[in-house]
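Before any comments, here is the structure.
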There are 2 protein chains.
Amino acid sequence: MIKSLFTGLAAALVAVPLWAETIETSAGALRVEPVVENLDTPWAFGFLPDGTILVTEREGTLWAVRPDGTRVSVSGLPRILVDGQGGLLDVLVPRDFAQSRELFFTYARKQLIRGSGTAVYRARLSDAGDTLEAGETIFSIARGTGGGFHFGSRLVEAPDGTLFVTIGDRGNADQAQDLSMHNGSVLRIDRDGKAPADNPFVNDRNAQPEIWSYGHRNPQGAALDGAGQLWVNEHGARGGDEVNRVLPGRNYGWPVISYGTNYDGSRIGTGTARDGMEQPVHYWDPSIAPSGMVFYDGAIGAWAGSAFVGSLKFDYIARLAGDPLAEIERIESDATIRVRDVRQGPEGGLWFLSVGNGALYRLVPAEAG
Amino acid sequence: MIKSLFTGLAAALVAVPLWAETIETSAGALRVEPVVENLDTPWAFGFLPDGTILVTEREGTLWAVRPDGTRVSVSGLPRILVDGQGGLLDVLVPRDFAQSRELFFTYARKQLIRGSGTAVYRARLSDAGDTLEAGETIFSIARGTGGGFHFGSRLVEAPDGTLFVTIGDRGNADQAQDLSMHNGSVLRIDRDGKAPADNPFVNDRNAQPEIWSYGHRNPQGAALDGAGQLWVNEHGARGGDEVNRVLPGRNYGWPVISYGTNYDGSRIGTGTARDGMEQPVHYWDPSIAPSGMVFYDGAIGAWAGSAFVGSLKFDYIARLAGDPLAEIERIESDATIRVRDVRQGPEGGLWFLSVGNGALYRLVPAEAG
């Protein structure tokens, strides 16, 4: 029932697309269809069971796009710090949304004491779908820092219903190795923003209990694979963008080890490997500036089981497959301009958000049109 | 006398150059002559009054190249941490070298407590010119940090004989705004490594007294202009490389303000300007990775009064002129590959160090050959 409603939505929106491109890929001919246009620095999107599409804009707007194509700006967001890479960031529609009507957001906020940081906001979407109610900032990093960059931040619902939150190093590389700081980490929190009792550092007095893994630089993409395992991708410094399989308590090495290379050929960090630090499963050098990530099992059959990662820098979507996971295809079109987010649509298409074009698109088999 | 000796040296070395290229420039035809080859990641060079050329290699070798073209590895350097961008870095031959025989170096070292940092080493060159004697680390930053990058570091002798030392933010952006940390600053020290009594923050208990200016990201080039004023260039983050005219006590803004731009179009920092923070005189976006800098008044007459800055990224030497100083010409040749340092030779040529070719070159008027 939900799926059929949504298919109705997608059909309505793209029945007479303003523009549609057909591209050749390893999965055959695919059509690139615009679904939502005229977006201002979009950051993330999600799907509600009634066919509504949610889209965040970094400047602080949450759009609800109805199945009939109309859109409404949803009220009730917290006070957001729009500063460089900071602003309204990710949106998560939890699996129990139909019952709970809860939504989760990450955003940048001014800290009480000093600087700014990444925070998680929880609210209920009103029945009319235009207002966030009972909104609460359930988590905020312990200490703010200056500078408007490396906020992270992706929200992923773990199989057990807890939330993973990726936090960048805020431009302070050493903080990624400092367990007393949330920066440069993947966090795991419950739906009230608290550290679950089985987090790896809950009994370490010198560590923040929400930390799940650390040594990350700026993880801007995260997704579960088919087995429920968390993966994260992150921006390196001058090369060395990484895809990491994230396990609890592990140290992913930034800034001690990195595959980045300075202009004079020297390594960034002390090298590429060290005991006690994890290796990336895949890395890009030069940097592609990876963003949103998804493990796909939708309607483009040849791509089922692949992971997709948007590139902000080189205007394509990376397809990763194999064991170990590695980039094996670059999907490029006039629509893949600064790809910020990639998700699977309820109808099975591969949806993505272009910052450059200010639009949400979907990729579907050409013959399905 | 010194000049004529040196001219003799240069002539000897380039009388039968292995390779020489002639390039067309705004100053007419210039010849690019290799002077020293087979260098391994060279970082800086300097001239002794007897015609010897000193060249540092990042891996920790100091070469003394004699007028007859032979070279000797000078002993007596401190224990150097070769790590990423760190290693043996700048060399300064002070104006009184003929009397004092003192040399100054910057280098990366392991700190006693934790991490690593930039330090300044002073030693006397033996009369034979092959040994550093009475060597002493006269200055070392107060607190070490991790990561092998953003060490700075250039050494410039001020008109009053004190030393300016440029220190990078070590990848910890916030430290550039933290006066209790030396990182991300230009320092001014006397020849014993102490803070002169007229430094701007000597009476501020929360500041390091050696700090001359702050808010710098990674200043890898510095030079005095003809009036004795200090200029510094520094690497921005994704664009926003800056040329700054450095005045005491001033805040050059990193990471709060920057002309860098993230891949999604957002600013790095809160914007490009703020009260109480200095504007760059010139900036590059995209980044050129600027390195060594010199104000030139040598034998290439049309270029007298111009400043030159090497580009590590785009393989050229930038010529800057005008008021405000701005890049007006790009000097490119097969020799300008990853230019790490640029200085004026005693004979009036424009000398530069190519990391890519592992060689020291000079530019001279073609007809002078």
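Chain labels run A, B, ... following the order of the structure tokens; each chain numbers its residues from 1, and ligands are numbered from 1 in the order shown.
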Worksheet item: If you count only C-alpha atoms, which residues fall within 7 Å of Thr145 (chain B), apart from same-chain ones fewer than 4 positions away, as an MDAnalysis selection string?
Response: chainID B and resid 114:117
Would you give me, as a tab-separated table, each residue of chain B having an atom within 10 Å of an atom of chain A, along with its shortest atom pair and that distance in Å to one decimal, using only C-alpha atoms and sorting by chain and residue number?
```
residue	atom	partner	partner_atom	distance
B:Thr41	CA	A:Asp264	CA	7.7
B:Pro42	CA	A:Asp264	CA	9.7
B:Trp43	CA	A:Asp264	CA	9.5
B:Arg58	CA	A:Ser266	CA	9.6
B:Val82	CA	A:Thr270	CA	8.9
B:Asp83	CA	A:Thr270	CA	5.5
B:Gly84	CA	A:Arg267	CA	4.5
B:Gln85	CA	A:Ser266	CA	5.8
B:Gly86	CA	A:Ser266	CA	8.7
B:Gly115	CA	A:Asp174	CA	10.0
B:Thr145	CA	A:Asp174	CA	7.1
B:Gly146	CA	A:Asp174	CA	6.1
B:Gly147	CA	A:Gly269	CA	4.9
B:Gly148	CA	A:Gly269	CA	4.6
B:Phe149	CA	A:Ile268	CA	6.2
B:His150	CA	A:Ile268	CA	9.5
B:Asp169	CA	A:Asn172	CA	9.2
B:Arg170	CA	A:Ala173	CA	8.3
B:Gly171	CA	A:Ala173	CA	5.5
B:Asn172	CA	A:Asn172	CA	3.8
B:Ala173	CA	A:Asn172	CA	5.4
B:Asp174	CA	A:Gly146	CA	6.1
B:Gln175	CA	A:Asn172	CA	8.2
B:Gln177	CA	A:Gly146	CA	8.9
B:Ala237	CA	A:Ala237	CA	9.4
B:Arg238	CA	A:Arg238	CA	9.0
B:Trp254	CA	A:Gly147	CA	8.3
B:Pro255	CA	A:Gly147	CA	5.3
B:Val256	CA	A:Gly147	CA	5.3
B:Ile257	CA	A:Gly147	CA	8.2
B:Ser258	CA	A:Gly147	CA	9.8
B:Thr261	CA	A:Gly84	CA	8.5
B:Asn262	CA	A:Gln85	CA	7.5
B:Tyr263	CA	A:Lys313	CA	5.8
B:Asp264	CA	A:Val355	CA	6.5
B:Gly265	CA	A:Thr41	CA	8.5
B:Ser266	CA	A:Gly84	CA	5.1
B:Arg267	CA	A:Gly84	CA	4.6
B:Ile268	CA	A:Gly84	CA	5.2
B:Gly269	CA	A:Gly148	CA	4.6
B:Thr270	CA	A:Asp83	CA	5.3
B:Gly271	CA	A:Gly84	CA	7.4
B:Ile288	CA	A:Tyr263	CA	9.7
B:Ala289	CA	A:Tyr263	CA	7.4
B:Ser311	CA	A:Tyr263	CA	9.5
B:Leu312	CA	A:Tyr263	CA	5.9
B:Lys313	CA	A:Tyr263	CA	5.9
B:Phe314	CA	A:Tyr263	CA	9.5
B:Ile337	CA	A:Asp264	CA	9.9
B:Arg338	CA	A:Asp264	CA	6.7
B:Val339	CA	A:Asp264	CA	8.9
B:Arg340	CA	A:Asp264	CA	8.1
B:Ser354	CA	A:Asp264	CA	9.7
B:Val355	CA	A:Asp264	CA	6.6
B:Gly356	CA	A:Asp264	CA	7.6
```
| task | Tell me, as a PyMOL selection string, which residues lie within 6 Å of Trp231 (chain A), counting only C-alpha atoms; anything in the same chain fewer than 5 positions away does not count. | result | chain A and resi 222-223+244-246
Exercise for the section: Would you list, as a count of residues only, the residues of region 63-302 of chain A that end up in strand (DSSP E or B) under DSSP run on this structure's backbone? Expected result: 92
- Could you pull the residues within 8 Å of region 157-163 of chain B, counting only C-alpha atoms, minus those fewer than 6 positions along the same chain, as number ranges by chain? B: 92, 94, 187-191, 224, 228, 230
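Shortest separation to Tyr214 (chain B) among B:Gly193, B:Gly276, B:Pro346, B:Gly87 occurs at residue B:Gly276, atoms counted being only C-alpha atoms.
Computed from the coordinates, the CA of Arg362 (chain B) to CA of Glu327 (chain B) distance equals 20.6 Å.
Picture a line from CA of Phe295 (chain B) to CA of Gly215 (chain B); it runs 23.4 Å.
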Pick out each residue of region 50-169 of chain B that DSSP on the backbone tags as alpha helix (DSSP H); I need them as a PyMOL selection string.
chain B and resi 97-100
Any chance you could export the current selection's N, CA and C atoms as a CSV table (one decimal), in the first residue's frame?
```csv
chain,number,residue,atom,x,y,z
B,97,PHE,N,77.3,36.8,9.2
B,97,PHE,CA,77.9,35.5,9.2
B,97,PHE,C,79.4,35.5,9.1
B,98,ALA,N,79.9,36.4,8.3
B,98,ALA,CA,81.4,36.5,8.1
B,98,ALA,C,82.1,36.7,9.4
B,99,GLN,N,81.5,37.4,10.3
B,99,GLN,CA,82.1,37.5,11.6
B,99,GLN,C,81.7,36.4,12.6
B,100,SER,N,80.4,36.1,12.7
B,100,SER,CA,79.9,35.2,13.7
B,100,SER,C,80.0,33.7,13.3
```
For Ser73 (chain A), find every residue with an atom within 9 Å (counting only C-alpha atoms), except residues of its own chain fewer than 2 positions away, and show them as an MDAnalysis selection string. chainID A and resid 61:65 71 75 130:131
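CA of Asp90 (chain B) sits 25.0 Å away from CA of Ala299 (chain B).
Across B:Asp178, B:Gly129, B:Glu242, B:Arg319, the tightest approach to Ala302 (chain B) is made by B:Arg319 when counting only C-alpha atoms.
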- Message: I'd like the contact shell of region 34-40 of chain B - 12 Å cut-off, only C-alpha atoms, skipping same-chain residues fewer than 6 positions apart - returned as a VMD selection string.
- Response: (chain A and resid 264 to 266) or (chain B and resid 9 to 21 52 to 71 73 88 334 to 336 345 349 to 364)
